[in-house]
$ cat entry.pdb   # PDB, C-alpha atoms and all ligand atoms
ATOM      1  CA  MET A 282       1.344  -1.519  17.927
ATOM      2  CA  ASN A 283       2.517  -0.595  14.464
ATOM      3  CA  HIS A 284       4.425  -2.252  11.709
ATOM      4  CA  LYS A 285       7.012  -1.771   9.006
ATOM      5  CA  LEU A 286       6.513  -2.825   5.417
ATOM      6  CA  GLU A 287       9.302  -3.050   2.851
ATOM      7  CA  ILE A 288       8.750  -3.595  -0.831
ATOM      8  CA  ARG A 289      12.030  -4.486  -2.539
ATOM      9  CA  ASN A 290      12.614  -4.506  -6.304
ATOM     10  CA  LEU A 291       9.175  -5.865  -7.002
ATOM     11  CA  THR A 292       8.411  -6.895 -10.557
ATOM     12  CA  LYS A 293       5.269  -8.611 -11.778
ATOM     13  CA  MET A 294       4.831 -10.234 -15.167
ATOM     14  CA  PHE A 295       1.551 -11.600 -16.503
ATOM     15  CA  SER A 296       1.216 -14.114 -19.327
ATOM     16  CA  THR A 297      -1.185 -12.847 -21.961
ATOM     17  CA  GLU A 298      -2.124 -13.967 -25.468
ATOM     18  CA  GLU A 299       0.486 -11.547 -26.818
ATOM     19  CA  GLY A 300       3.140 -13.030 -24.541
ATOM     20  CA  GLU A 301       4.651 -11.908 -21.251
ATOM     21  CA  MET A 302       3.582  -8.468 -20.085
ATOM     22  CA  ALA A 303       5.203  -6.462 -17.302
ATOM     23  CA  ALA A 304       2.553  -4.998 -14.998
ATOM     24  CA  LEU A 305       4.982  -3.701 -12.364
ATOM     25  CA  GLU A 306       8.665  -2.977 -12.769
ATOM     26  CA  ASP A 307      11.223  -2.745 -10.010
ATOM     27  CA  ILE A 308       9.126  -1.091  -7.313
ATOM     28  CA  SER A 309      10.932  -0.350  -4.062
ATOM     29  CA  ILE A 310       9.419   1.524  -1.171
ATOM     30  CA  GLU A 311       9.481   1.441   2.626
ATOM     31  CA  VAL A 312       6.318   2.202   4.498
ATOM     32  CA  THR A 313       7.026   3.392   8.016
ATOM     33  CA  PRO A 314       4.975   2.270  11.028
ATOM     34  CA  ALA A 315       1.610   4.039  11.316
ATOM     35  CA  GLU A 316       2.181   5.849   8.028
ATOM     36  CA  PHE A 317      -0.731   6.739   5.764
ATOM     37  CA  LEU A 318       0.596   6.158   2.254
ATOM     38  CA  CYS A 319      -1.542   6.921  -0.779
ATOM     39  CA  ILE A 320      -0.735   5.436  -4.174
ATOM     40  CA  ILE A 321      -1.939   7.153  -7.312
ATOM     41  CA  GLY A 322      -1.336   6.457 -10.963
ATOM     42  CA  PRO A 323      -3.078   6.036 -14.314
ATOM     43  CA  SER A 324      -5.629   3.269 -14.806
ATOM     44  CA  GLY A 325      -3.938  -0.067 -15.499
ATOM     45  CA  CYS A 326      -0.576   0.922 -13.981
ATOM     46  CA  GLY A 327      -0.681  -1.943 -11.500
ATOM     47  CA  LYS A 328      -2.044  -0.424  -8.282
ATOM     48  CA  THR A 329      -4.439  -3.292  -7.559
ATOM     49  CA  THR A 330      -1.760  -5.799  -8.537
ATOM     50  CA  LEU A 331       0.621  -4.196  -6.044
ATOM     51  CA  LEU A 332      -1.916  -4.301  -3.219
ATOM     52  CA  ARG A 333      -2.886  -7.891  -4.008
ATOM     53  CA  MET A 334       0.742  -8.911  -3.694
ATOM     54  CA  VAL A 335       1.139  -7.125  -0.366
ATOM     55  CA  ALA A 336      -2.035  -8.953   0.722
ATOM     56  CA  GLY A 337      -0.415 -12.236  -0.357
ATOM     57  CA  LEU A 338      -3.201 -12.951  -2.868
ATOM     58  CA  ASP A 339      -0.722 -12.961  -5.742
ATOM     59  CA  HIS A 340       3.019 -13.538  -6.010
ATOM     60  CA  PRO A 341       5.783 -11.296  -7.352
ATOM     61  CA  SER A 342       7.730 -12.478 -10.405
ATOM     62  CA  SER A 343      10.826 -11.129  -8.691
ATOM     63  CA  GLY A 344      11.559  -9.006  -5.656
ATOM     64  CA  LYS A 345      10.241  -9.257  -2.123
ATOM     65  CA  ILE A 346       7.614  -7.934   0.235
ATOM     66  CA  ILE A 347       8.736  -7.924   3.839
ATOM     67  CA  LEU A 348       6.484  -7.223   6.800
ATOM     68  CA  ASP A 349       8.189  -6.884  10.178
ATOM     69  CA  GLY A 350      11.263  -8.671   8.864
ATOM     70  CA  LYS A 351       9.313 -11.632   7.419
ATOM     71  CA  GLU A 352       8.690 -12.255   3.747
ATOM     72  CA  VAL A 353       5.023 -12.168   2.712
ATOM     73  CA  LYS A 354       4.117 -15.417   0.973
ATOM     74  CA  ARG A 355       0.392 -15.869   1.503
ATOM     75  CA  PRO A 356      -2.658 -14.050   2.860
ATOM     76  CA  SER A 357      -2.867 -13.564   6.609
ATOM     77  CA  PRO A 358      -5.121 -11.718   9.051
ATOM     78  CA  ASP A 359      -2.047  -9.480   9.463
ATOM     79  CA  ARG A 360      -3.106  -7.683   6.331
ATOM     80  CA  GLY A 361      -6.695  -6.506   6.038
ATOM     81  CA  MET A 362      -7.912  -5.624   2.572
ATOM     82  CA  VAL A 363     -10.790  -3.398   1.480
ATOM     83  CA  PHE A 364     -11.422  -4.032  -2.214
ATOM     84  CA  GLN A 365     -12.169  -1.793  -5.178
ATOM     85  CA  GLU A 366     -15.702  -3.178  -5.566
ATOM     86  CA  PHE A 367     -18.042  -3.769  -2.681
ATOM     87  CA  SER A 368     -17.150  -7.220  -1.555
ATOM     88  CA  LEU A 369     -19.503  -8.080   1.282
ATOM     89  CA  PHE A 370     -21.101 -11.494   1.557
ATOM     90  CA  PRO A 371     -24.695 -10.788   0.496
ATOM     91  CA  TRP A 372     -26.066 -13.740   2.475
ATOM     92  CA  ARG A 373     -24.538 -12.543   5.737
ATOM     93  CA  THR A 374     -25.776  -9.788   8.021
ATOM     94  CA  VAL A 375     -23.556  -6.806   8.924
ATOM     95  CA  LEU A 376     -22.541  -8.557  12.145
ATOM     96  CA  LYS A 377     -21.754 -11.823  10.362
ATOM     97  CA  ASN A 378     -19.794 -10.017   7.665
ATOM     98  CA  VAL A 379     -17.642  -8.302  10.294
ATOM     99  CA  GLU A 380     -17.226 -11.580  12.194
ATOM    100  CA  PHE A 381     -15.980 -13.409   9.089
ATOM    101  CA  GLY A 382     -12.206 -13.022   9.570
ATOM    102  CA  LEU A 383     -12.573 -13.832  13.253
ATOM    103  CA  GLU A 384     -14.343 -17.086  12.389
ATOM    104  CA  ILE A 385     -11.437 -18.004  10.120
ATOM    105  CA  LYS A 386      -9.065 -17.245  12.979
ATOM    106  CA  GLY A 387     -11.074 -19.563  15.226
ATOM    107  CA  VAL A 388     -12.146 -16.907  17.729
ATOM    108  CA  GLY A 389     -14.978 -18.179  19.945
ATOM    109  CA  ASP A 390     -18.612 -17.012  19.621
ATOM    110  CA  LYS A 391     -18.720 -14.565  22.494
ATOM    111  CA  ALA A 392     -15.362 -12.876  21.869
ATOM    112  CA  ARG A 393     -16.171 -12.709  18.165
ATOM    113  CA  ARG A 394     -19.402 -10.891  18.764
ATOM    114  CA  GLU A 395     -17.794  -8.451  21.198
ATOM    115  CA  ILE A 396     -14.971  -7.592  18.806
ATOM    116  CA  ALA A 397     -17.331  -7.264  15.824
ATOM    117  CA  GLU A 398     -19.616  -4.973  17.799
ATOM    118  CA  LYS A 399     -16.684  -2.787  18.805
ATOM    119  CA  TYR A 400     -15.715  -2.234  15.172
ATOM    120  CA  ILE A 401     -19.312  -1.791  14.011
ATOM    121  CA  GLU A 402     -19.546   1.004  16.548
ATOM    122  CA  LEU A 403     -16.200   2.462  15.439
ATOM    123  CA  VAL A 404     -17.506   2.864  11.883
ATOM    124  CA  GLY A 405     -20.818   4.258  13.139
ATOM    125  CA  LEU A 406     -23.106   1.383  12.197
ATOM    126  CA  GLN A 407     -24.508   0.393  15.587
ATOM    127  CA  GLY A 408     -28.162  -0.549  15.177
ATOM    128  CA  PHE A 409     -27.532  -2.134  11.765
ATOM    129  CA  GLU A 410     -25.960  -5.372  13.011
ATOM    130  CA  ASN A 411     -28.795  -7.544  11.718
ATOM    131  CA  HIS A 412     -29.237  -5.834   8.361
ATOM    132  CA  TYR A 413     -28.197  -7.481   5.105
ATOM    133  CA  PRO A 414     -25.960  -5.700   2.563
ATOM    134  CA  TYR A 415     -28.888  -5.106   0.156
ATOM    135  CA  GLU A 416     -30.521  -2.989   2.860
ATOM    136  CA  LEU A 417     -27.525  -0.638   3.086
ATOM    137  CA  SER A 418     -26.373   2.385   1.090
ATOM    138  CA  GLY A 419     -23.024   2.336  -0.755
ATOM    139  CA  GLY A 420     -21.355   4.353   2.007
ATOM    140  CA  MET A 421     -22.686   2.002   4.672
ATOM    141  CA  LYS A 422     -21.447  -1.030   2.756
ATOM    142  CA  GLN A 423     -17.969   0.479   2.638
ATOM    143  CA  ARG A 424     -18.132   1.089   6.390
ATOM    144  CA  VAL A 425     -18.950  -2.607   6.867
ATOM    145  CA  ALA A 426     -16.001  -3.535   4.637
ATOM    146  CA  ILE A 427     -13.708  -1.326   6.727
ATOM    147  CA  ALA A 428     -15.033  -2.802   9.997
ATOM    148  CA  ARG A 429     -14.535  -6.306   8.596
ATOM    149  CA  ALA A 430     -10.948  -5.519   7.601
ATOM    150  CA  LEU A 431     -10.194  -3.967  11.008
ATOM    151  CA  ALA A 432     -11.843  -6.691  13.103
ATOM    152  CA  THR A 433      -8.916  -9.103  12.807
ATOM    153  CA  GLU A 434      -6.648  -6.284  14.017
ATOM    154  CA  PRO A 435      -4.349  -6.399  10.993
ATOM    155  CA  ALA A 436      -0.914  -4.814  11.125
ATOM    156  CA  ILE A 437      -1.605  -3.149   7.817
ATOM    157  CA  LEU A 438      -4.766  -1.973   6.188
ATOM    158  CA  LEU A 439      -4.774  -2.238   2.387
ATOM    159  CA  MET A 440      -7.438  -0.147   0.716
ATOM    160  CA  ASP A 441      -8.053  -0.255  -3.028
ATOM    161  CA  GLU A 442     -10.105   2.772  -4.088
ATOM    162  CA  PRO A 443     -12.490   2.060  -1.245
ATOM    163  CA  PHE A 444     -14.544   5.221  -1.769
ATOM    164  CA  GLY A 445     -14.570   5.206  -5.567
ATOM    165  CA  SER A 446     -18.212   4.234  -5.887
ATOM    166  CA  VAL A 447     -19.891   6.535  -3.381
ATOM    167  CA  ASP A 448     -21.148  10.083  -3.935
ATOM    168  CA  ALA A 449     -18.866  13.060  -3.239
ATOM    169  CA  GLN A 450     -20.439  14.033   0.056
ATOM    170  CA  THR A 451     -20.390  10.506   1.483
ATOM    171  CA  ARG A 452     -16.824  10.204   0.280
ATOM    172  CA  ASN A 453     -15.789  13.266   2.297
ATOM    173  CA  ILE A 454     -17.482  11.869   5.392
ATOM    174  CA  LEU A 455     -15.837   8.460   4.953
ATOM    175  CA  GLN A 456     -12.434  10.109   4.511
ATOM    176  CA  GLU A 457     -12.864  11.968   7.793
ATOM    177  CA  GLU A 458     -13.992   8.786   9.527
ATOM    178  CA  LEU A 459     -11.051   6.865   8.166
ATOM    179  CA  LEU A 460      -8.638   9.512   9.497
ATOM    180  CA  ARG A 461     -10.312   9.266  12.900
ATOM    181  CA  ILE A 462     -10.020   5.452  12.878
ATOM    182  CA  TRP A 463      -6.414   5.655  11.687
ATOM    183  CA  LYS A 464      -5.533   8.005  14.547
ATOM    184  CA  ARG A 465      -7.321   5.817  17.080
ATOM    185  CA  THR A 466      -5.868   2.499  15.893
ATOM    186  CA  GLU A 467      -2.443   3.709  14.630
ATOM    187  CA  LYS A 468      -2.637   1.386  11.636
ATOM    188  CA  THR A 469      -0.239   1.532   8.736
ATOM    189  CA  ILE A 470      -2.437   2.239   5.708
ATOM    190  CA  LEU A 471      -1.787   1.707   1.995
ATOM    191  CA  PHE A 472      -4.545   3.496   0.172
ATOM    192  CA  VAL A 473      -4.959   3.404  -3.605
ATOM    193  CA  THR A 474      -6.941   6.196  -5.200
ATOM    194  CA  HIS A 475      -7.554   7.875  -8.549
ATOM    195  CA  SER A 476      -8.336  11.115  -6.816
ATOM    196  CA  VAL A 477      -5.574  13.645  -6.266
ATOM    197  CA  ASP A 478      -7.877  15.538  -3.886
ATOM    198  CA  GLU A 479      -8.375  12.425  -1.799
ATOM    199  CA  ALA A 480      -4.635  11.668  -1.707
ATOM    200  CA  VAL A 481      -3.714  15.184  -0.572
ATOM    201  CA  TYR A 482      -6.450  15.212   2.056
ATOM    202  CA  LEU A 483      -5.528  11.834   3.558
ATOM    203  CA  ALA A 484      -1.881  11.001   3.079
ATOM    204  CA  ASP A 485       1.355  11.502   4.960
ATOM    205  CA  ARG A 486       3.005  10.658   1.665
ATOM    206  CA  VAL A 487       1.815  10.100  -1.882
ATOM    207  CA  ALA A 488       3.520   7.599  -4.198
ATOM    208  CA  VAL A 489       2.968   8.415  -7.880
ATOM    209  CA  MET A 490       3.158   5.515 -10.321
ATOM    210  CA  SER A 491       3.917   5.617 -14.018
ATOM    211  CA  SER A 492       1.657   4.127 -16.649
ATOM    212  CA  ARG A 493       2.187   0.455 -17.499
ATOM    213  CA  PRO A 494       4.560  -1.088 -16.607
ATOM    214  CA  GLY A 495       4.032   0.643 -13.297
ATOM    215  CA  CYS A 496       7.096   1.937 -11.567
ATOM    216  CA  LEU A 497       7.459   4.586  -8.896
ATOM    217  CA  VAL A 498       7.893   8.031 -10.389
ATOM    218  CA  LYS A 499       7.961  10.081  -7.228
ATOM    219  CA  CYS A 500       7.083  10.082  -3.540
ATOM    220  CA  LEU A 501       5.783  13.347  -2.200
ATOM    221  CA  ASP A 502       5.599  14.146   1.534
ATOM    222  CA  ILE A 503       2.376  15.959   2.299
ATOM    223  CA  ASP A 504       3.603  17.951   5.255
ATOM    224  CA  ILE A 505       0.396  19.841   5.937
ATOM    225  CA  PRO A 506      -0.811  19.664   9.551
ATOM    226  CA  ARG A 507      -4.169  17.975  10.246
ATOM    227  CA  PRO A 508      -7.034  18.691  10.247
ATOM    228  CA  ARG A 509      -6.483  19.842   6.676
ATOM    229  CA  LYS A 510      -8.660  22.324   4.939
ATOM    230  CA  ARG A 511      -9.676  21.044   1.526
ATOM    231  CA  THR A 512      -9.553  24.518  -0.008
ATOM    232  CA  SER A 513      -6.349  25.828   1.595
ATOM    233  CA  VAL A 514      -3.462  27.249  -0.413
ATOM    234  CA  GLU A 515      -1.068  24.445   0.691
ATOM    235  CA  VAL A 516      -3.559  21.734  -0.274
ATOM    236  CA  ASN A 517      -3.969  23.367  -3.671
ATOM    237  CA  GLU A 518      -0.229  23.561  -4.200
ATOM    238  CA  PHE A 519       0.170  19.822  -3.594
ATOM    239  CA  ARG A 520      -2.840  19.085  -5.762
ATOM    240  CA  GLU A 521      -1.280  21.010  -8.634
ATOM    241  CA  LYS A 522       2.074  19.263  -8.252
ATOM    242  CA  LEU A 523       0.413  15.843  -8.332
ATOM    243  CA  LEU A 524      -1.837  16.717 -11.257
ATOM    244  CA  MET A 525       1.212  17.825 -13.210
ATOM    245  CA  LEU A 526       3.069  14.582 -12.474
ATOM    246  CA  LEU A 527       0.026  12.536 -13.476
ATOM    247  CA  SER A 528      -0.618  14.383 -16.706
ATOM    248  CA  LEU A 529       3.041  13.897 -17.611
ATOM    249  CA  GLU A 530       2.593  10.144 -17.052
ATOM    250  CA  ARG A 531      -0.594  10.085 -19.130
ATOM    251  CA  SER A 532       1.067  11.909 -22.010
ATOM    252  CA  LYS A 533       3.970   9.414 -21.931
ATOM    253  CA  ALA A 534       1.388   6.594 -22.138
ATOM    254  CA  CYS A 535      -0.223   8.216 -25.232
ATOM    255  CA  ILE A 536       3.115   8.553 -26.980
ATOM    256  CA  SER A 537       3.984   4.881 -26.379
ATOM    257  CA  VAL A 538       0.584   3.570 -27.641
TER     258      VAL A 538
HETATM  259  N1  LIG B   1      -4.535 -11.831 -13.735
HETATM  260  C1  LIG B   1      -4.084 -11.064 -14.725
HETATM  261  N2  LIG B   1      -3.678 -11.586 -15.911
HETATM  262  C2  LIG B   1      -3.208 -10.805 -16.891
HETATM  263  N3  LIG B   1      -3.080  -9.472 -16.802
HETATM  264  C3  LIG B   1      -3.483  -8.883 -15.659
HETATM  265  C4  LIG B   1      -4.007  -9.644 -14.558
HETATM  266  N4  LIG B   1      -4.308  -8.777 -13.553
HETATM  267  C5  LIG B   1      -3.996  -7.550 -13.996
HETATM  268  N5  LIG B   1      -3.495  -7.597 -15.255
HETATM  269  C6  LIG B   1      -3.002  -6.476 -16.055
HETATM  270  O1  LIG B   1      -2.041  -5.786 -15.276
HETATM  271  C7  LIG B   1      -2.166  -4.383 -15.450
HETATM  272  C8  LIG B   1      -2.379  -3.723 -14.108
HETATM  273  O2  LIG B   1      -3.685  -4.039 -13.633
HETATM  274  P1  LIG B   1      -4.242  -3.451 -12.269
HETATM  275  O3  LIG B   1      -5.610  -3.976 -12.084
HETATM  276  O4  LIG B   1      -3.259  -3.728 -11.192
HETATM  277  O5  LIG B   1      -4.259  -1.876 -12.580
HETATM  278  P2  LIG B   1      -4.795  -0.670 -11.699
HETATM  279  O6  LIG B   1      -3.691   0.317 -11.594
HETATM  280  O7  LIG B   1      -5.377  -1.192 -10.426
HETATM  281  O8  LIG B   1      -5.957  -0.065 -12.625
HETATM  282  P3  LIG B   1      -7.300   0.712 -12.206
HETATM  283  O9  LIG B   1      -6.842   2.080 -11.779
HETATM  284  O10 LIG B   1      -8.091   0.761 -13.472
HETATM  285  O11 LIG B   1      -7.971  -0.058 -11.114
HETATM  286  C9  LIG B   1      -3.308  -4.177 -16.433
HETATM  287  O12 LIG B   1      -2.767  -3.987 -17.705
HETATM  288  C10 LIG B   1      -4.090  -5.471 -16.365
HETATM  289  O13 LIG B   1      -4.688  -5.753 -17.599
HETATM  290 MG    MG B   2      -7.297  -1.179  -9.613
END
$ encode --input "entry.pdb" --output "structure tokens"
Amino acid sequence: MNHKLEIRNLTKMFSTEEGEMAALEDISIEVTPAEFLCIIGPSGCGKTTLLRMVAGLDHPSSGKIILDGKEVKRPSPDRGMVFQEFSLFPWRTVLKNVEFGLEIKGVGDKARREIAEKYIELVGLQGFENHYPYELSGGMKQRVAIARALATEPAILLMDEPFGSVDAQTRNILQEELLRIWKRTEKTILFVTHSVDEAVYLADRVAVMSSRPGCLVKCLDIDIPRPRKRTSVEVNEFREKLLMLLSLERSKACISV
């Protein structure tokens, strides 16, 4: 079960005190079923805005987002989102956090619990079902967020710098776990990151965005077989290519300021 996402000529304007500002400009990309696509780009280039629109939380000024032939107009359990900041409900236990989307969908008590437990196990948090977020480490909280996003069995998983606020070692572990989950569930994943290392380790393809207004500069296929070695020559070559593209974008941003 996997799904196709098309983003067609997407532009997003925001009204600010200084007038209309373009955050995204004419973005077009097709994400193939079960693809792992990473999006990188300078801060403020519109990565979160792009993901929020795919999630249906915000609307394009022009252009379209099409999932399985249907235009995206509003949020749906079809699209699971893991946000940039931890976004668990502090008053709910791990189990209740993971059950949240299923409650919204109207899934009955027993089925809800079974599904939530399955995903809690998938992210390696069995035994913590009755803990509250404040009792968990950053890495554990992100695992809960991933389980919560997966529990409604979305067609697409949207992840906005999900590992940005955990330490380097936990980040590596979470990356490996995400790859395992991706393989097991065959989800299509859109993953925003600041880290070139993370993009090269995870992605089938990396989309590089320009500084504001964000447009697509280049898509790079990372055709390195998995499991990838973080220190291999091929990984380093891709890392260098991406770093060069990004520094070019940053220098353009400095010139235009
Ligand atoms: N609701 C809003 N109203 C006005 N401007 C906004 C709004 N949301 C985002 N922006 C602007 O749009 C641009 C893109 O923001 P966005 O958060 O998508 O960037 P980003 O690429 O995710 O940045 P970062 O890497 O720092 O997370 C920024 O200039 C931001 O100030
Ligand atoms: Mg962002």
$ residues_near_ligand --input "entry.pdb" --ligand "ligand LIG 1 (chain B)" --cutoff "9 Å" --atoms "only C-alpha atoms and all ligand atoms" --output "ChimeraX atom specification"
/A:293-297,302-305,321-333,339,365,441-442,473-475,490,492-495
$ atom_distance --input "entry.pdb" --atom1 "atom CA of A:Gly419" --atom2 "atom CA of A:Gly445"
10.1 Å
$ axis_aligned_box --input "entry.pdb" --around "stretch 322-341 of chain A" --padding-each-side "4 Å" --output "AutoDock Vina command-line options"
--center_x 0.1 --center_y -3.5 --center_z -7.4 --size_x 19.4 --size_y 28.0 --size_z 24.2
$ closest_residue --input "entry.pdb" --among "A:Ile308, A:Ile320, A:Val447, A:Ile347" --to "ligand MG 2 (chain B)" --atoms "all atoms listed in the file"
A:Ile320
$ residues_around --input "entry.pdb" --residues "A:Gly361" --least-positions-apart "3" --cutoff "9 Å" --atoms "all atoms listed in the file" --output "MDAnalysis selection string"
chainID A and resid 336 357:358 427 429:440
$ resolve_selection --input "entry.pdb" --expression "the PyMOL selection byres (((chain A and resi 481) around 10) and not hetatm)" --output "number ranges by chain"
A: 319, 476-480, 482-487, 501-505, 509, 511, 515-520, 523
$ atom_distance --input "entry.pdb" --atom1 "atom CA of A:Glu316" --atom2 "atom CA of A:Lys468"
7.5 Å
$ resolve_selection --input "entry.pdb" --expression "the PyMOL selection byres (((chain A and resi 292) around 6) and not hetatm)" --output "MDAnalysis selection string"
chainID A and resid 291 293 305:307 342:343
$ write_last_selection --input "entry.pdb" --atoms "C-alpha atoms" --output "short mmCIF file (atom, residue, chain, number, x, y, z; two decimals), keeping the file's coordinate frame"
data_model
loop_
_atom_site.label_atom_id
_atom_site.label_comp_id
_atom_site.auth_asym_id
_atom_site.auth_seq_id
_atom_site.Cartn_x
_atom_site.Cartn_y
_atom_site.Cartn_z
CA LEU A 291 9.18 -5.86 -7.00
CA LYS A 293 5.27 -8.61 -11.78
CA LEU A 305 4.98 -3.70 -12.36
CA GLU A 306 8.66 -2.98 -12.77
CA ASP A 307 11.22 -2.74 -10.01
CA SER A 342 7.73 -12.48 -10.40
CA SER A 343 10.83 -11.13 -8.69
#
$ residues_around --input "entry.pdb" --residues "stretch 380-385 of chain A" --least-positions-apart "3" --cutoff "12 Å" --atoms "only C-alpha atoms" --output "PDB file with C-alpha atoms, in the coordinates of the input"
ATOM      1  CA  PRO A 356      -2.658 -14.050   2.860  1.00  0.00           C
ATOM      2  CA  SER A 357      -2.867 -13.564   6.609  1.00  0.00           C
ATOM      3  CA  PRO A 358      -5.121 -11.718   9.051  1.00  0.00           C
ATOM      4  CA  ASP A 359      -2.047  -9.480   9.463  1.00  0.00           C
ATOM      5  CA  ARG A 360      -3.106  -7.683   6.331  1.00  0.00           C
ATOM      6  CA  GLY A 361      -6.695  -6.506   6.038  1.00  0.00           C
ATOM      7  CA  MET A 362      -7.912  -5.624   2.572  1.00  0.00           C
ATOM      8  CA  LEU A 369     -19.503  -8.080   1.282  1.00  0.00           C
ATOM      9  CA  PHE A 370     -21.101 -11.494   1.557  1.00  0.00           C
ATOM     10  CA  ARG A 373     -24.538 -12.543   5.737  1.00  0.00           C
ATOM     11  CA  THR A 374     -25.776  -9.788   8.021  1.00  0.00           C
ATOM     12  CA  VAL A 375     -23.556  -6.806   8.924  1.00  0.00           C
ATOM     13  CA  LEU A 376     -22.541  -8.557  12.145  1.00  0.00           C
ATOM     14  CA  LYS A 377     -21.754 -11.823  10.362  1.00  0.00           C
ATOM     15  CA  VAL A 388     -12.146 -16.907  17.729  1.00  0.00           C
ATOM     16  CA  GLY A 389     -14.978 -18.179  19.945  1.00  0.00           C
ATOM     17  CA  ASP A 390     -18.612 -17.012  19.621  1.00  0.00           C
ATOM     18  CA  LYS A 391     -18.720 -14.565  22.494  1.00  0.00           C
ATOM     19  CA  ALA A 392     -15.362 -12.876  21.869  1.00  0.00           C
ATOM     20  CA  ARG A 393     -16.171 -12.709  18.165  1.00  0.00           C
ATOM     21  CA  ARG A 394     -19.402 -10.891  18.764  1.00  0.00           C
ATOM     22  CA  GLU A 395     -17.794  -8.451  21.198  1.00  0.00           C
ATOM     23  CA  ILE A 396     -14.971  -7.592  18.806  1.00  0.00           C
ATOM     24  CA  ALA A 397     -17.331  -7.264  15.824  1.00  0.00           C
ATOM     25  CA  GLU A 398     -19.616  -4.973  17.799  1.00  0.00           C
ATOM     26  CA  LYS A 399     -16.684  -2.787  18.805  1.00  0.00           C
ATOM     27  CA  TYR A 400     -15.715  -2.234  15.172  1.00  0.00           C
ATOM     28  CA  ILE A 401     -19.312  -1.791  14.011  1.00  0.00           C
ATOM     29  CA  GLU A 410     -25.960  -5.372  13.011  1.00  0.00           C
ATOM     30  CA  VAL A 425     -18.950  -2.607   6.867  1.00  0.00           C
ATOM     31  CA  ALA A 426     -16.001  -3.535   4.637  1.00  0.00           C
ATOM     32  CA  ALA A 428     -15.033  -2.802   9.997  1.00  0.00           C
ATOM     33  CA  ARG A 429     -14.535  -6.306   8.596  1.00  0.00           C
ATOM     34  CA  ALA A 430     -10.948  -5.519   7.601  1.00  0.00           C
ATOM     35  CA  LEU A 431     -10.194  -3.967  11.008  1.00  0.00           C
ATOM     36  CA  ALA A 432     -11.843  -6.691  13.103  1.00  0.00           C
ATOM     37  CA  THR A 433      -8.916  -9.103  12.807  1.00  0.00           C
ATOM     38  CA  GLU A 434      -6.648  -6.284  14.017  1.00  0.00           C
ATOM     39  CA  PRO A 435      -4.349  -6.399  10.993  1.00  0.00           C
TER      40      PRO A 435
END
$ resolve_selection --input "entry.pdb" --expression "the PyMOL selection byres (((chain A and resi 366) around 8) and not hetatm)" --output "list of chain:residue names"
A:Phe364, A:Gln365, A:Phe367, A:Ser368, A:Pro443, A:Ser446
$ closest_residue --input "entry.pdb" --among "A:Val404, A:Ala315, A:Ile346, A:Leu526" --to "A:Glu467" --atoms "only C-alpha atoms"
A:Ala315
$ atom_distance --input "entry.pdb" --atom1 "atom CA of A:Pro314" --atom2 "atom CA of A:Lys285"
5.0 Å
$ residues_around --input "entry.pdb" --residues "A:Ile310" --least-positions-apart "6" --cutoff "10 Å" --atoms "all atoms listed in the file" --output "PyMOL selection string"
chain A and resi 286-291+346+488+497+500
$ write_last_selection --input "entry.pdb" --atoms "C-alpha atoms" --output "tab-separated table (two decimals), in the frame of the given file"
chain	number	residue	atom	x	y	z
A	286	LEU	CA	6.51	-2.82	5.42
A	287	GLU	CA	9.30	-3.05	2.85
A	288	ILE	CA	8.75	-3.60	-0.83
A	289	ARG	CA	12.03	-4.49	-2.54
A	290	ASN	CA	12.61	-4.51	-6.30
A	291	LEU	CA	9.18	-5.86	-7.00
A	346	ILE	CA	7.61	-7.93	0.24
A	488	ALA	CA	3.52	7.60	-4.20
A	497	LEU	CA	7.46	4.59	-8.90
A	500	CYS	CA	7.08	10.08	-3.54
$ closest_residue --input "entry.pdb" --among "A:Gly337, A:Asn378, A:Thr469, A:Glu458" --to "A:Arg355" --atoms "only C-alpha atoms"
A:Gly337
$ closest_residue --input "entry.pdb" --among "A:Met334, A:Met421, A:Leu348, A:Cys496" --to "A:Arg452" --atoms "all atoms listed in the file"
A:Met421
$ decode --input "entry.pdb" --residues "stretch 454-465 of chain A" --atoms "C-alpha atoms" --output "tab-separated table (two decimals), in the first residue's frame"
chain	number	residue	atom	x	y	z
A	454	ILE	CA	19.74	5.51	16.45
A	455	LEU	CA	16.46	7.19	15.50
A	456	GLN	CA	17.58	7.43	11.87
A	457	GLU	CA	18.26	3.70	11.80
A	458	GLU	CA	14.92	2.98	13.44
A	459	LEU	CA	13.11	5.18	10.98
A	460	LEU	CA	14.71	3.33	8.05
A	461	ARG	CA	13.62	0.03	9.59
A	462	ILE	CA	10.04	1.32	10.03
A	463	TRP	CA	10.03	2.75	6.51
A	464	LYS	CA	11.10	-0.61	5.08
A	465	ARG	CA	8.52	-2.47	7.14
